[in-house]
Amino acid sequence: MDNDTIDQIIDRHEGRAGSLIHVLMEIQSKNHWIPREALAKVSQKLGVPFTRVMQIATFYKTFSLTPQGHHEVHVCTGTSCHIRGSQRVLDKIQSLLGIRAGETDSNSKFSLAKGNCLGCCTLGPEIVVDGRHYARMTPEKAEEVLKKYN
Amino acid sequence: MSEILLQIDGKAVKAKQGMTVLDAARSADIAIPTLCHHEQLEPYGGCRLCTVEIETRGRKRLVAGCLYPVEPDLIVRTRTEKIDSIRKMILELLLAHAPDSPQLQDLAREYRADRDRFEKEASFCVLCGLCIRYCAEIKKKYAVGFINNGARREINFIPEIAAGECWNCKECFPLCPTSYLQAAYHLTEALAFPSLSSRSASKRLVTTTTL
Ligand code: SF4
Ligand code: FES
Ligand code: FES
């Protein structure tokens, strides 16, 4: 994403300190990560001290301050999904993508993260790719899902 | 302003509306230990060392003295067996992080806290937020802030701001109950503006040679 898009997001909330989290979430979802320069601009335009922006941006796991892959894969490792075998799903995905949870592959295609309960325990084990939920995962099914994003 | 009458450790104390239990106790020369409290700063309630017992209409509970506003007929106890054991525990936990803090050691002596009760996890900073709040509320410079959350929380100097502001201020240094703040600043300084830190190094050199 180009800087213009980030600028537009920030400009729309100019002077509104209360929109801080909102702006950060918008940048995160459009750009997949938030560069430091963008944080500085957010601070300046919204009138929120930079330390405060940093505090919020580093507090929530939602925000990434390092570049992320084009597709974000989350594997639920919450209690319900764990009991239903999410570890095997995670192992499979890690070996398919060649990265561990918390990492991004070298051509910035996939980022992998773990989550503790992604919200649909009854459908576990689940994985979420770019916000789309996939239920009742097995290592084989997870492989099929990832193929769609290749 | 209406006057409020309350009782602290059996003593009748007059206070004004809007005062905290801590304010009222101090005005009557009753000591309540504090760590994260600072006269000039907004109440924070981070350390819980100021925990006291209050009683209203026959019900007792524990509150943070530095936050709790006075109310008529409130009964406050600042030292009971229970309070002492809570303070002892808090101190022991804090000492696992900052074993060499003189302020904590003094309190540990008073409350018989064992410095070695918990395994050391020397992060040095006890996250009292004094430095951060002072920089923000009094100096309005926002040069230092918290980052991350939970067990990974730490203070962080913003090099771009620190480079311009901290060198001539450093008023937060003496506020820190541990030695961590100074260390964190010198680290930022050394990494972010080597020219400045060589200046401070040469200054240190000068002071040592003149001694
Ligand atoms: S560096 Fe010192 S003053 Fe700042 S939060 Fe940590 S313990 Fe408190
Ligand atoms: S544990 Fe996986 S969705 Fe709740
Ligand atoms: S002094 Fe009251 S909580 Fe720290």
# chains A, B, ... in the order shown; residues from 1 in each chain; ligands from 1
call {"tool": "residues_near_ligand", "arguments": {"ligand": "ligand 2", "cutoff": "12 Å", "atoms": "only C-alpha atoms and all ligand atoms", "output": "PyMOL selection string"}}
result
chain A and resi 74-87+114-128+133-137
call {"tool": "residues_near_ligand", "arguments": {"ligand": "ligand 3", "cutoff": "9 Å", "atoms": "only C-alpha atoms and all ligand atoms", "output": "MDAnalysis selection string"}}
result
chainID B and resid 22 32:38 43:51 64:67 128
call {"tool": "write_last_selection", "arguments": {"atoms": "N, CA and C atoms", "output": "PDB file, in the first residue's frame"}}
result
ATOM      1  N   LEU B  22      -5.290   9.098  51.910  1.00  0.00           N
ATOM      2  CA  LEU B  22      -3.865   9.377  52.116  1.00  0.00           C
ATOM      3  C   LEU B  22      -3.634  10.837  52.496  1.00  0.00           C
ATOM      4  N   ILE B  32       1.300   6.529  55.900  1.00  0.00           N
ATOM      5  CA  ILE B  32       0.896   5.391  55.072  1.00  0.00           C
ATOM      6  C   ILE B  32       1.995   5.260  54.016  1.00  0.00           C
ATOM      7  N   PRO B  33       2.569   4.067  53.873  1.00  0.00           N
ATOM      8  CA  PRO B  33       3.654   3.954  52.900  1.00  0.00           C
ATOM      9  C   PRO B  33       3.122   4.064  51.465  1.00  0.00           C
ATOM     10  N   THR B  34       3.877   4.689  50.591  1.00  0.00           N
ATOM     11  CA  THR B  34       3.490   4.799  49.185  1.00  0.00           C
ATOM     12  C   THR B  34       4.710   4.555  48.318  1.00  0.00           C
ATOM     13  N   LEU B  35       4.455   4.182  47.088  1.00  0.00           N
ATOM     14  CA  LEU B  35       5.575   4.032  46.161  1.00  0.00           C
ATOM     15  C   LEU B  35       5.300   4.795  44.870  1.00  0.00           C
ATOM     16  N   CYS B  36       4.105   4.609  44.318  1.00  0.00           N
ATOM     17  CA  CYS B  36       3.828   5.232  43.029  1.00  0.00           C
ATOM     18  C   CYS B  36       3.158   6.592  43.180  1.00  0.00           C
ATOM     19  N   HIS B  37       2.933   7.016  44.424  1.00  0.00           N
ATOM     20  CA  HIS B  37       2.251   8.294  44.634  1.00  0.00           C
ATOM     21  C   HIS B  37       3.239   9.462  44.570  1.00  0.00           C
ATOM     22  N   HIS B  38       2.777  10.583  44.007  1.00  0.00           N
ATOM     23  CA  HIS B  38       3.595  11.793  43.974  1.00  0.00           C
ATOM     24  C   HIS B  38       2.660  12.980  44.121  1.00  0.00           C
ATOM     25  N   PRO B  43      -3.493  10.948  40.854  1.00  0.00           N
ATOM     26  CA  PRO B  43      -3.461   9.645  41.517  1.00  0.00           C
ATOM     27  C   PRO B  43      -3.357   8.524  40.479  1.00  0.00           C
ATOM     28  N   TYR B  44      -2.650   7.465  40.848  1.00  0.00           N
ATOM     29  CA  TYR B  44      -2.374   6.417  39.881  1.00  0.00           C
ATOM     30  C   TYR B  44      -2.830   5.048  40.373  1.00  0.00           C
ATOM     31  N   GLY B  45      -2.504   4.742  41.622  1.00  0.00           N
ATOM     32  CA  GLY B  45      -2.982   3.476  42.181  1.00  0.00           C
ATOM     33  C   GLY B  45      -2.315   2.252  41.600  1.00  0.00           C
ATOM     34  N   GLY B  46      -1.039   2.350  41.305  1.00  0.00           N
ATOM     35  CA  GLY B  46      -0.355   1.250  40.652  1.00  0.00           C
ATOM     36  C   GLY B  46       0.264   0.216  41.576  1.00  0.00           C
ATOM     37  N   CYS B  47       0.775   0.652  42.735  1.00  0.00           N
ATOM     38  CA  CYS B  47       1.601  -0.262  43.538  1.00  0.00           C
ATOM     39  C   CYS B  47       0.833  -0.960  44.663  1.00  0.00           C
ATOM     40  N   ARG B  48      -0.210  -0.339  45.123  1.00  0.00           N
ATOM     41  CA  ARG B  48      -1.057  -0.897  46.193  1.00  0.00           C
ATOM     42  C   ARG B  48      -0.359  -0.987  47.557  1.00  0.00           C
ATOM     43  N   LEU B  49       0.780  -0.345  47.706  1.00  0.00           N
ATOM     44  CA  LEU B  49       1.450  -0.355  49.011  1.00  0.00           C
ATOM     45  C   LEU B  49       0.650   0.438  50.036  1.00  0.00           C
ATOM     46  N   CYS B  50      -0.146   1.369  49.542  1.00  0.00           N
ATOM     47  CA  CYS B  50      -0.891   2.262  50.428  1.00  0.00           C
ATOM     48  C   CYS B  50      -2.204   1.638  50.875  1.00  0.00           C
ATOM     49  N   THR B  51      -2.359   0.350  50.619  1.00  0.00           N
ATOM     50  CA  THR B  51      -3.592  -0.354  51.009  1.00  0.00           C
ATOM     51  C   THR B  51      -3.951  -0.107  52.479  1.00  0.00           C
ATOM     52  N   ALA B  64      -7.136   1.314  48.109  1.00  0.00           N
ATOM     53  CA  ALA B  64      -5.871   2.038  47.952  1.00  0.00           C
ATOM     54  C   ALA B  64      -6.052   3.430  48.540  1.00  0.00           C
ATOM     55  N   GLY B  65      -5.284   3.725  49.574  1.00  0.00           N
ATOM     56  CA  GLY B  65      -5.429   4.994  50.277  1.00  0.00           C
ATOM     57  C   GLY B  65      -5.178   6.207  49.394  1.00  0.00           C
ATOM     58  N   CYS B  66      -4.322   6.056  48.383  1.00  0.00           N
ATOM     59  CA  CYS B  66      -3.976   7.199  47.545  1.00  0.00           C
ATOM     60  C   CYS B  66      -5.077   7.523  46.548  1.00  0.00           C
ATOM     61  N   LEU B  67      -6.076   6.641  46.424  1.00  0.00           N
ATOM     62  CA  LEU B  67      -7.180   6.882  45.486  1.00  0.00           C
ATOM     63  C   LEU B  67      -8.498   7.148  46.186  1.00  0.00           C
ATOM     64  N   CYS B 128       6.266   1.654  38.234  1.00  0.00           N
ATOM     65  CA  CYS B 128       5.467   2.579  39.034  1.00  0.00           C
ATOM     66  C   CYS B 128       4.931   3.727  38.187  1.00  0.00           C
TER      67      CYS B 128
END
call {"tool": "closest_atom_pairs", "arguments": {"of": "segment 52-130 of chain A", "to": "segment 13-37 of chain A", "cutoff": "6 Å", "atoms": "only C-alpha atoms", "output": "CSV"}}
result
residue,atom,partner,partner_atom,distance
A:Ser64,CA,A:Trp33,CA,4.8
A:Leu65,CA,A:Ile34,CA,5.1
A:Pro67,CA,A:Trp33,CA,5.4
A:Gln68,CA,A:His32,CA,5.7
call {"tool": "closest_residue", "arguments": {"among": "B:Gly10, B:Pro159, B:Pro174, B:Gly150", "to": "ligand 1", "atoms": "only C-alpha atoms and all ligand atoms"}}
result
B:Pro174
call {"tool": "select_by_dssp", "arguments": {"residues": "chain A", "states": "helix (DSSP H, G or I)", "output": "PyMOL selection string"}}
result
chain A and resi 3-12+17-31+36-46+50-59+79-83+86-97+121-123+139-147
call {"tool": "residues_near_ligand", "arguments": {"ligand": "ligand 1", "cutoff": "8 Å", "atoms": "only C-alpha atoms and all ligand atoms", "output": "PDB file with all heavy atoms, in the first residue's frame"}}
result
ATOM      1  N   CYS B  36       4.105   4.609  44.318  1.00  0.00           N
ATOM      2  CA  CYS B  36       3.828   5.232  43.029  1.00  0.00           C
ATOM      3  C   CYS B  36       3.158   6.592  43.180  1.00  0.00           C
ATOM      4  O   CYS B  36       2.843   7.245  42.209  1.00  0.00           O
ATOM      5  CB  CYS B  36       2.962   4.304  42.180  1.00  0.00           C
ATOM      6  SG  CYS B  36       1.287   4.097  42.791  1.00  0.00           S
ATOM      7  N   PHE B 124      14.555  -4.649  37.204  1.00  0.00           N
ATOM      8  CA  PHE B 124      14.910  -3.379  37.843  1.00  0.00           C
ATOM      9  C   PHE B 124      13.757  -2.398  37.900  1.00  0.00           C
ATOM     10  O   PHE B 124      13.455  -1.850  38.953  1.00  0.00           O
ATOM     11  CB  PHE B 124      16.151  -2.758  37.204  1.00  0.00           C
ATOM     12  CG  PHE B 124      17.305  -3.718  37.244  1.00  0.00           C
ATOM     13  CD1 PHE B 124      17.700  -4.414  36.112  1.00  0.00           C
ATOM     14  CD2 PHE B 124      17.930  -4.010  38.445  1.00  0.00           C
ATOM     15  CE1 PHE B 124      18.730  -5.355  36.175  1.00  0.00           C
ATOM     16  CE2 PHE B 124      18.953  -4.941  38.524  1.00  0.00           C
ATOM     17  CZ  PHE B 124      19.352  -5.617  37.375  1.00  0.00           C
ATOM     18  N   CYS B 125      13.082  -2.180  36.798  1.00  0.00           N
ATOM     19  CA  CYS B 125      11.937  -1.272  36.817  1.00  0.00           C
ATOM     20  C   CYS B 125      10.759  -1.975  37.496  1.00  0.00           C
ATOM     21  O   CYS B 125      10.496  -3.141  37.257  1.00  0.00           O
ATOM     22  CB  CYS B 125      11.564  -0.909  35.392  1.00  0.00           C
ATOM     23  SG  CYS B 125      10.080   0.070  35.253  1.00  0.00           S
ATOM     24  N   VAL B 126      10.045  -1.249  38.380  1.00  0.00           N
ATOM     25  CA  VAL B 126       8.870  -1.838  39.003  1.00  0.00           C
ATOM     26  C   VAL B 126       7.571  -1.263  38.423  1.00  0.00           C
ATOM     27  O   VAL B 126       6.498  -1.446  38.978  1.00  0.00           O
ATOM     28  CB  VAL B 126       8.887  -1.695  40.544  1.00  0.00           C
ATOM     29  CG1 VAL B 126      10.008  -2.534  41.131  1.00  0.00           C
ATOM     30  CG2 VAL B 126       9.015  -0.244  40.967  1.00  0.00           C
ATOM     31  N   LEU B 127       7.708  -0.578  37.299  1.00  0.00           N
ATOM     32  CA  LEU B 127       6.546  -0.069  36.548  1.00  0.00           C
ATOM     33  C   LEU B 127       5.652   0.855  37.372  1.00  0.00           C
ATOM     34  O   LEU B 127       4.434   0.833  37.219  1.00  0.00           O
ATOM     35  CB  LEU B 127       5.723  -1.242  35.988  1.00  0.00           C
ATOM     36  CG  LEU B 127       6.493  -2.255  35.145  1.00  0.00           C
ATOM     37  CD1 LEU B 127       5.593  -3.430  34.780  1.00  0.00           C
ATOM     38  CD2 LEU B 127       7.047  -1.614  33.887  1.00  0.00           C
ATOM     39  N   CYS B 128       6.266   1.654  38.234  1.00  0.00           N
ATOM     40  CA  CYS B 128       5.467   2.579  39.034  1.00  0.00           C
ATOM     41  C   CYS B 128       4.931   3.727  38.187  1.00  0.00           C
ATOM     42  O   CYS B 128       3.995   4.407  38.586  1.00  0.00           O
ATOM     43  CB  CYS B 128       6.290   3.128  40.189  1.00  0.00           C
ATOM     44  SG  CYS B 128       7.596   4.253  39.669  1.00  0.00           S
ATOM     45  N   GLY B 129       5.569   3.952  37.036  1.00  0.00           N
ATOM     46  CA  GLY B 129       5.079   4.986  36.130  1.00  0.00           C
ATOM     47  C   GLY B 129       5.414   6.407  36.558  1.00  0.00           C
ATOM     48  O   GLY B 129       4.956   7.367  35.934  1.00  0.00           O
ATOM     49  N   LEU B 130       6.206   6.584  37.615  1.00  0.00           N
ATOM     50  CA  LEU B 130       6.511   7.942  38.078  1.00  0.00           C
ATOM     51  C   LEU B 130       7.222   8.758  37.003  1.00  0.00           C
ATOM     52  O   LEU B 130       6.877   9.902  36.743  1.00  0.00           O
ATOM     53  CB  LEU B 130       7.384   7.884  39.338  1.00  0.00           C
ATOM     54  CG  LEU B 130       6.657   7.643  40.659  1.00  0.00           C
ATOM     55  CD1 LEU B 130       7.650   7.393  41.777  1.00  0.00           C
ATOM     56  CD2 LEU B 130       5.756   8.824  40.999  1.00  0.00           C
ATOM     57  N   CYS B 131       8.219   8.133  36.373  1.00  0.00           N
ATOM     58  CA  CYS B 131       8.991   8.860  35.367  1.00  0.00           C
ATOM     59  C   CYS B 131       8.089   9.277  34.214  1.00  0.00           C
ATOM     60  O   CYS B 131       8.119  10.424  33.752  1.00  0.00           O
ATOM     61  CB  CYS B 131      10.146   8.006  34.859  1.00  0.00           C
ATOM     62  SG  CYS B 131       9.680   6.363  34.277  1.00  0.00           S
ATOM     63  N   ILE B 132       7.253   8.344  33.786  1.00  0.00           N
ATOM     64  CA  ILE B 132       6.387   8.580  32.637  1.00  0.00           C
ATOM     65  C   ILE B 132       5.364   9.660  32.935  1.00  0.00           C
ATOM     66  O   ILE B 132       5.139  10.575  32.148  1.00  0.00           O
ATOM     67  CB  ILE B 132       5.691   7.257  32.255  1.00  0.00           C
ATOM     68  CG1 ILE B 132       6.739   6.296  31.700  1.00  0.00           C
ATOM     69  CG2 ILE B 132       4.546   7.485  31.287  1.00  0.00           C
ATOM     70  CD1 ILE B 132       6.259   4.885  31.542  1.00  0.00           C
ATOM     71  N   GLU B 154       7.440  -2.568  29.633  1.00  0.00           N
ATOM     72  CA  GLU B 154       8.668  -1.872  30.056  1.00  0.00           C
ATOM     73  C   GLU B 154       8.595  -0.401  29.674  1.00  0.00           C
ATOM     74  O   GLU B 154       7.737   0.007  28.907  1.00  0.00           O
ATOM     75  CB  GLU B 154       9.898  -2.533  29.431  1.00  0.00           C
ATOM     76  CG  GLU B 154       9.863  -2.626  27.920  1.00  0.00           C
ATOM     77  CD  GLU B 154      11.115  -3.291  27.353  1.00  0.00           C
ATOM     78  OE1 GLU B 154      12.215  -2.981  27.820  1.00  0.00           O
ATOM     79  OE2 GLU B 154      10.982  -4.101  26.428  1.00  0.00           O
ATOM     80  N   ILE B 155       9.531   0.384  30.228  1.00  0.00           N
ATOM     81  CA  ILE B 155       9.569   1.789  29.849  1.00  0.00           C
ATOM     82  C   ILE B 155      10.425   1.935  28.610  1.00  0.00           C
ATOM     83  O   ILE B 155      11.304   1.133  28.331  1.00  0.00           O
ATOM     84  CB  ILE B 155      10.101   2.717  30.965  1.00  0.00           C
ATOM     85  CG1 ILE B 155      11.558   2.394  31.306  1.00  0.00           C
ATOM     86  CG2 ILE B 155       9.237   2.656  32.200  1.00  0.00           C
ATOM     87  CD1 ILE B 155      12.317   3.571  31.849  1.00  0.00           C
ATOM     88  N   CYS B 172      13.347  13.390  36.095  1.00  0.00           N
ATOM     89  CA  CYS B 172      12.697  12.137  36.485  1.00  0.00           C
ATOM     90  C   CYS B 172      13.664  11.202  37.208  1.00  0.00           C
ATOM     91  O   CYS B 172      13.243  10.329  37.955  1.00  0.00           O
ATOM     92  CB  CYS B 172      12.103  11.439  35.258  1.00  0.00           C
ATOM     93  SG  CYS B 172      13.307  11.048  33.976  1.00  0.00           S
ATOM     94  N   PHE B 173      14.960  11.374  37.001  1.00  0.00           N
ATOM     95  CA  PHE B 173      15.932  10.432  37.590  1.00  0.00           C
ATOM     96  C   PHE B 173      15.738  10.235  39.093  1.00  0.00           C
ATOM     97  O   PHE B 173      15.620   9.114  39.558  1.00  0.00           O
ATOM     98  CB  PHE B 173      17.374  10.871  37.312  1.00  0.00           C
ATOM     99  CG  PHE B 173      17.844  10.612  35.897  1.00  0.00           C
ATOM    100  CD1 PHE B 173      16.955  10.249  34.895  1.00  0.00           C
ATOM    101  CD2 PHE B 173      19.183  10.724  35.571  1.00  0.00           C
ATOM    102  CE1 PHE B 173      17.377  10.023  33.599  1.00  0.00           C
ATOM    103  CE2 PHE B 173      19.627  10.494  34.274  1.00  0.00           C
ATOM    104  CZ  PHE B 173      18.722  10.145  33.289  1.00  0.00           C
ATOM    105  N   LEU B 175      13.233  10.577  40.879  1.00  0.00           N
ATOM    106  CA  LEU B 175      11.922  10.037  41.265  1.00  0.00           C
ATOM    107  C   LEU B 175      11.905   8.515  41.272  1.00  0.00           C
ATOM    108  O   LEU B 175      11.105   7.891  41.958  1.00  0.00           O
ATOM    109  CB  LEU B 175      10.844  10.504  40.274  1.00  0.00           C
ATOM    110  CG  LEU B 175      10.605  11.991  40.129  1.00  0.00           C
ATOM    111  CD1 LEU B 175       9.504  12.230  39.104  1.00  0.00           C
ATOM    112  CD2 LEU B 175      10.213  12.585  41.465  1.00  0.00           C
ATOM    113  N   CYS B 176      12.774   7.918  40.473  1.00  0.00           N
ATOM    114  CA  CYS B 176      12.734   6.473  40.279  1.00  0.00           C
ATOM    115  C   CYS B 176      13.145   5.741  41.551  1.00  0.00           C
ATOM    116  O   CYS B 176      14.197   5.985  42.119  1.00  0.00           O
ATOM    117  CB  CYS B 176      13.659   6.081  39.136  1.00  0.00           C
ATOM    118  SG  CYS B 176      13.683   4.308  38.818  1.00  0.00           S
ATOM    119  N   PRO B 177      12.303   4.830  42.038  1.00  0.00           N
ATOM    120  CA  PRO B 177      12.663   4.076  43.243  1.00  0.00           C
ATOM    121  C   PRO B 177      13.763   3.035  42.984  1.00  0.00           C
ATOM    122  O   PRO B 177      14.269   2.427  43.918  1.00  0.00           O
ATOM    123  CB  PRO B 177      11.358   3.392  43.643  1.00  0.00           C
ATOM    124  CG  PRO B 177      10.520   3.369  42.423  1.00  0.00           C
ATOM    125  CD  PRO B 177      10.952   4.510  41.560  1.00  0.00           C
ATOM    126  N   THR B 178      14.102   2.827  41.731  1.00  0.00           N
ATOM    127  CA  THR B 178      15.181   1.887  41.411  1.00  0.00           C
ATOM    128  C   THR B 178      16.218   2.654  40.591  1.00  0.00           C
ATOM    129  O   THR B 178      16.077   3.840  40.369  1.00  0.00           O
ATOM    130  CB  THR B 178      14.668   0.703  40.578  1.00  0.00           C
ATOM    131  OG1 THR B 178      14.530   1.129  39.227  1.00  0.00           O
ATOM    132  CG2 THR B 178      13.330   0.210  41.073  1.00  0.00           C
ATOM    133  N   SER B 179      17.218   1.974  40.131  1.00  0.00           N
ATOM    134  CA  SER B 179      18.219   2.692  39.338  1.00  0.00           C
ATOM    135  C   SER B 179      17.970   2.497  37.850  1.00  0.00           C
ATOM    136  O   SER B 179      18.754   2.878  37.015  1.00  0.00           O
ATOM    137  CB  SER B 179      19.607   2.168  39.682  1.00  0.00           C
ATOM    138  OG  SER B 179      19.616   0.771  39.506  1.00  0.00           O
ATOM    139  N   TYR B 180      16.827   1.898  37.540  1.00  0.00           N
ATOM    140  CA  TYR B 180      16.606   1.487  36.172  1.00  0.00           C
ATOM    141  C   TYR B 180      16.468   2.655  35.196  1.00  0.00           C
ATOM    142  O   TYR B 180      16.976   2.633  34.086  1.00  0.00           O
ATOM    143  CB  TYR B 180      15.365   0.605  36.073  1.00  0.00           C
ATOM    144  CG  TYR B 180      15.132   0.134  34.675  1.00  0.00           C
ATOM    145  CD1 TYR B 180      15.983  -0.807  34.107  1.00  0.00           C
ATOM    146  CD2 TYR B 180      14.110   0.652  33.885  1.00  0.00           C
ATOM    147  CE1 TYR B 180      15.800  -1.234  32.816  1.00  0.00           C
ATOM    148  CE2 TYR B 180      13.925   0.226  32.594  1.00  0.00           C
ATOM    149  CZ  TYR B 180      14.771  -0.708  32.059  1.00  0.00           C
ATOM    150  OH  TYR B 180      14.598  -1.122  30.778  1.00  0.00           O
ATOM    151  N   LEU B 181      15.754   3.680  35.631  1.00  0.00           N
ATOM    152  CA  LEU B 181      15.436   4.789  34.737  1.00  0.00           C
ATOM    153  C   LEU B 181      16.684   5.392  34.119  1.00  0.00           C
ATOM    154  O   LEU B 181      16.787   5.594  32.915  1.00  0.00           O
ATOM    155  CB  LEU B 181      14.663   5.847  35.530  1.00  0.00           C
ATOM    156  CG  LEU B 181      14.316   7.109  34.787  1.00  0.00           C
ATOM    157  CD1 LEU B 181      13.480   6.809  33.570  1.00  0.00           C
ATOM    158  CD2 LEU B 181      13.572   8.049  35.716  1.00  0.00           C
ATOM    159  N   GLN B 182      17.654   5.663  35.001  1.00  0.00           N
ATOM    160  CA  GLN B 182      18.892   6.271  34.547  1.00  0.00           C
ATOM    161  C   GLN B 182      19.586   5.369  33.527  1.00  0.00           C
ATOM    162  O   GLN B 182      20.056   5.819  32.492  1.00  0.00           O
ATOM    163  CB  GLN B 182      19.798   6.467  35.754  1.00  0.00           C
ATOM    164  CG  GLN B 182      20.746   7.593  35.596  1.00  0.00           C
ATOM    165  CD  GLN B 182      21.160   8.123  36.953  1.00  0.00           C
ATOM    166  OE1 GLN B 182      20.479   7.892  37.946  1.00  0.00           O
ATOM    167  NE2 GLN B 182      22.270   8.826  36.987  1.00  0.00           N
ATOM    168  N   ALA B 184      18.226   3.118  31.612  1.00  0.00           N
ATOM    169  CA  ALA B 184      17.487   3.080  30.351  1.00  0.00           C
ATOM    170  C   ALA B 184      17.773   4.321  29.530  1.00  0.00           C
ATOM    171  O   ALA B 184      17.930   4.267  28.311  1.00  0.00           O
ATOM    172  CB  ALA B 184      15.984   2.969  30.630  1.00  0.00           C
TER     173      ALA B 184
END
call {"tool": "closest_atom_pairs", "arguments": {"of": "chain B", "to": "chain A", "cutoff": "9 Å", "atoms": "only C-alpha atoms", "output": "CSV"}}
result
residue,atom,partner,partner_atom,distance
B:Ala136,CA,A:Pro49,CA,8.9
B:Lys141,CA,A:Pro49,CA,8.5
B:Tyr142,CA,A:Thr51,CA,6.0
B:Ala143,CA,A:Thr51,CA,6.9
B:Val144,CA,A:Thr51,CA,6.5
B:Gly145,CA,A:Thr51,CA,5.1
B:Phe146,CA,A:Gln55,CA,5.5
B:Ile147,CA,A:Gln55,CA,4.7
B:Asn148,CA,A:Phe59,CA,4.7
B:Asn149,CA,A:Phe59,CA,5.1
B:Gly150,CA,A:Phe59,CA,8.6
B:Arg153,CA,A:Phe59,CA,8.5
B:Asn156,CA,A:Thr51,CA,8.3
B:Phe157,CA,A:Thr51,CA,8.3
B:Ile158,CA,A:Thr51,CA,7.1
call {"tool": "closest_residue", "arguments": {"among": "A:Val48, A:Val129, A:Ala142, A:Val42", "to": "Asp91 of chain A", "atoms": "only C-alpha atoms"}}
result
A:Ala142
call {"tool": "select_by_dssp", "arguments": {"residues": "segment 14-169 of chain B", "states": "strand (DSSP E)", "output": "NGL selection string"}}
result
:B and (14-16 or 51-56 or 59-64 or 75-77 or 144-147 or 154-157)
call {"tool": "residues_around", "arguments": {"residues": "Ile8 of chain B", "least_positions_apart": "2", "cutoff": "9 Å", "atoms": "only C-alpha atoms", "output": "list in words"}}
result
Leu6, Gly10, Lys11, Ala12, Val13, Val21, Ala24, Ala25, Ala28, Ile30, Leu74, Ile75, Val76, Arg77 and Thr78 of chain B
call {"tool": "write_last_selection", "arguments": {"atoms": "N, CA, C and O atoms", "output": "tab-separated table (two decimals), in the first residue's frame"}}
result
chain	number	residue	atom	x	y	z
B	6	LEU	N	-13.71	12.19	59.77
B	6	LEU	CA	-13.53	10.74	59.71
B	6	LEU	C	-12.58	10.29	60.80
B	6	LEU	O	-12.05	11.12	61.54
B	10	GLY	N	-8.20	5.40	64.99
B	10	GLY	CA	-8.79	5.81	66.26
B	10	GLY	C	-8.73	7.31	66.52
B	10	GLY	O	-9.21	7.79	67.55
B	11	LYS	N	-8.18	8.06	65.60
B	11	LYS	CA	-8.02	9.48	65.80
B	11	LYS	C	-9.05	10.22	64.94
B	11	LYS	O	-9.23	9.86	63.76
B	12	ALA	N	-9.71	11.23	65.50
B	12	ALA	CA	-10.66	12.01	64.70
B	12	ALA	C	-9.89	12.94	63.79
B	12	ALA	O	-9.01	13.67	64.23
B	13	VAL	N	-10.19	12.90	62.50
B	13	VAL	CA	-9.46	13.72	61.53
B	13	VAL	C	-10.45	14.53	60.73
B	13	VAL	O	-11.46	14.03	60.26
B	21	VAL	N	-7.94	9.46	51.28
B	21	VAL	CA	-7.61	8.95	52.61
B	21	VAL	C	-6.14	9.24	52.93
B	21	VAL	O	-5.79	9.63	54.04
B	24	ALA	N	-5.70	12.89	53.90
B	24	ALA	CA	-6.23	13.12	55.24
B	24	ALA	C	-5.28	12.56	56.30
B	24	ALA	O	-5.00	13.22	57.30
B	25	ALA	N	-4.76	11.36	56.04
B	25	ALA	CA	-3.84	10.75	57.00
B	25	ALA	C	-2.58	11.59	57.15
B	25	ALA	O	-2.12	11.86	58.26
B	28	ALA	N	-2.82	14.56	59.27
B	28	ALA	CA	-2.89	14.26	60.70
B	28	ALA	C	-1.63	13.53	61.18
B	28	ALA	O	-1.63	12.91	62.24
B	30	ILE	N	-0.28	10.83	60.16
B	30	ILE	CA	-0.35	9.37	60.20
B	30	ILE	C	0.30	8.87	58.92
B	30	ILE	O	-0.08	9.27	57.82
B	74	LEU	N	-16.23	7.83	57.93
B	74	LEU	CA	-15.42	6.70	57.48
B	74	LEU	C	-14.46	6.30	58.61
B	74	LEU	O	-13.91	7.15	59.29
B	75	ILE	N	-14.30	5.01	58.80
B	75	ILE	CA	-13.31	4.54	59.77
B	75	ILE	C	-12.18	3.90	58.99
B	75	ILE	O	-12.40	3.00	58.16
B	76	VAL	N	-10.97	4.39	59.21
B	76	VAL	CA	-9.82	3.89	58.46
B	76	VAL	C	-8.82	3.27	59.41
B	76	VAL	O	-8.56	3.81	60.49
B	77	ARG	N	-8.31	2.10	59.04
B	77	ARG	CA	-7.21	1.51	59.81
B	77	ARG	C	-6.01	1.37	58.88
B	77	ARG	O	-6.14	0.77	57.81
B	78	THR	N	-4.91	1.92	59.28
B	78	THR	CA	-3.76	1.91	58.38
B	78	THR	C	-2.77	0.79	58.70
B	78	THR	O	-1.89	0.51	57.91
call {"tool": "residues_around", "arguments": {"residues": "Arg115 of chain B", "least_positions_apart": "5", "cutoff": "9 Å", "atoms": "only C-alpha atoms", "output": "MDAnalysis selection string"}}
result
chainID B and resid 91:96 99 105 108
call {"tool": "write_last_selection", "arguments": {"atoms": "C-alpha atoms", "output": "CSV table (one decimal), in the first residue's frame"}}
result
chain,number,residue,atom,x,y,z
B,91,LEU,CA,7.3,-5.7,48.9
B,92,GLU,CA,8.6,-9.2,48.4
B,93,LEU,CA,7.2,-9.3,44.9
B,94,LEU,CA,8.7,-5.9,44.0
B,95,LEU,CA,12.0,-6.9,45.5
B,96,ALA,CA,12.2,-9.8,43.1
B,99,PRO,CA,16.4,-6.1,44.9
B,105,GLN,CA,14.8,-2.1,51.3
B,108,ALA,CA,11.2,-4.2,53.7
call {"tool": "residues_around", "arguments": {"residues": "Ala15 of chain B", "least_positions_apart": "6", "cutoff": "7 Å", "atoms": "only C-alpha atoms", "output": "list in words"}}
result
Glu3, Ile4, Leu5 and Ala24 of chain B
call {"tool": "write_last_selection", "arguments": {"atoms": "N, CA and C atoms", "output": "compact mmCIF listing (two decimals), in the first residue's frame"}}
result
# COMPACT_ATOMS: atom_id res chain seq x y z
N GLU B 3 -16.62 20.41 55.25
CA GLU B 3 -15.65 19.67 56.04
C GLU B 3 -16.16 18.26 56.32
N ILE B 4 -15.27 17.32 56.28
CA ILE B 4 -15.67 15.94 56.50
C ILE B 4 -14.93 15.40 57.71
N LEU B 5 -15.66 14.74 58.56
CA LEU B 5 -15.04 14.20 59.76
C LEU B 5 -14.90 12.69 59.62
N ALA B 24 -5.70 12.89 53.90
CA ALA B 24 -6.23 13.12 55.24
C ALA B 24 -5.28 12.56 56.30
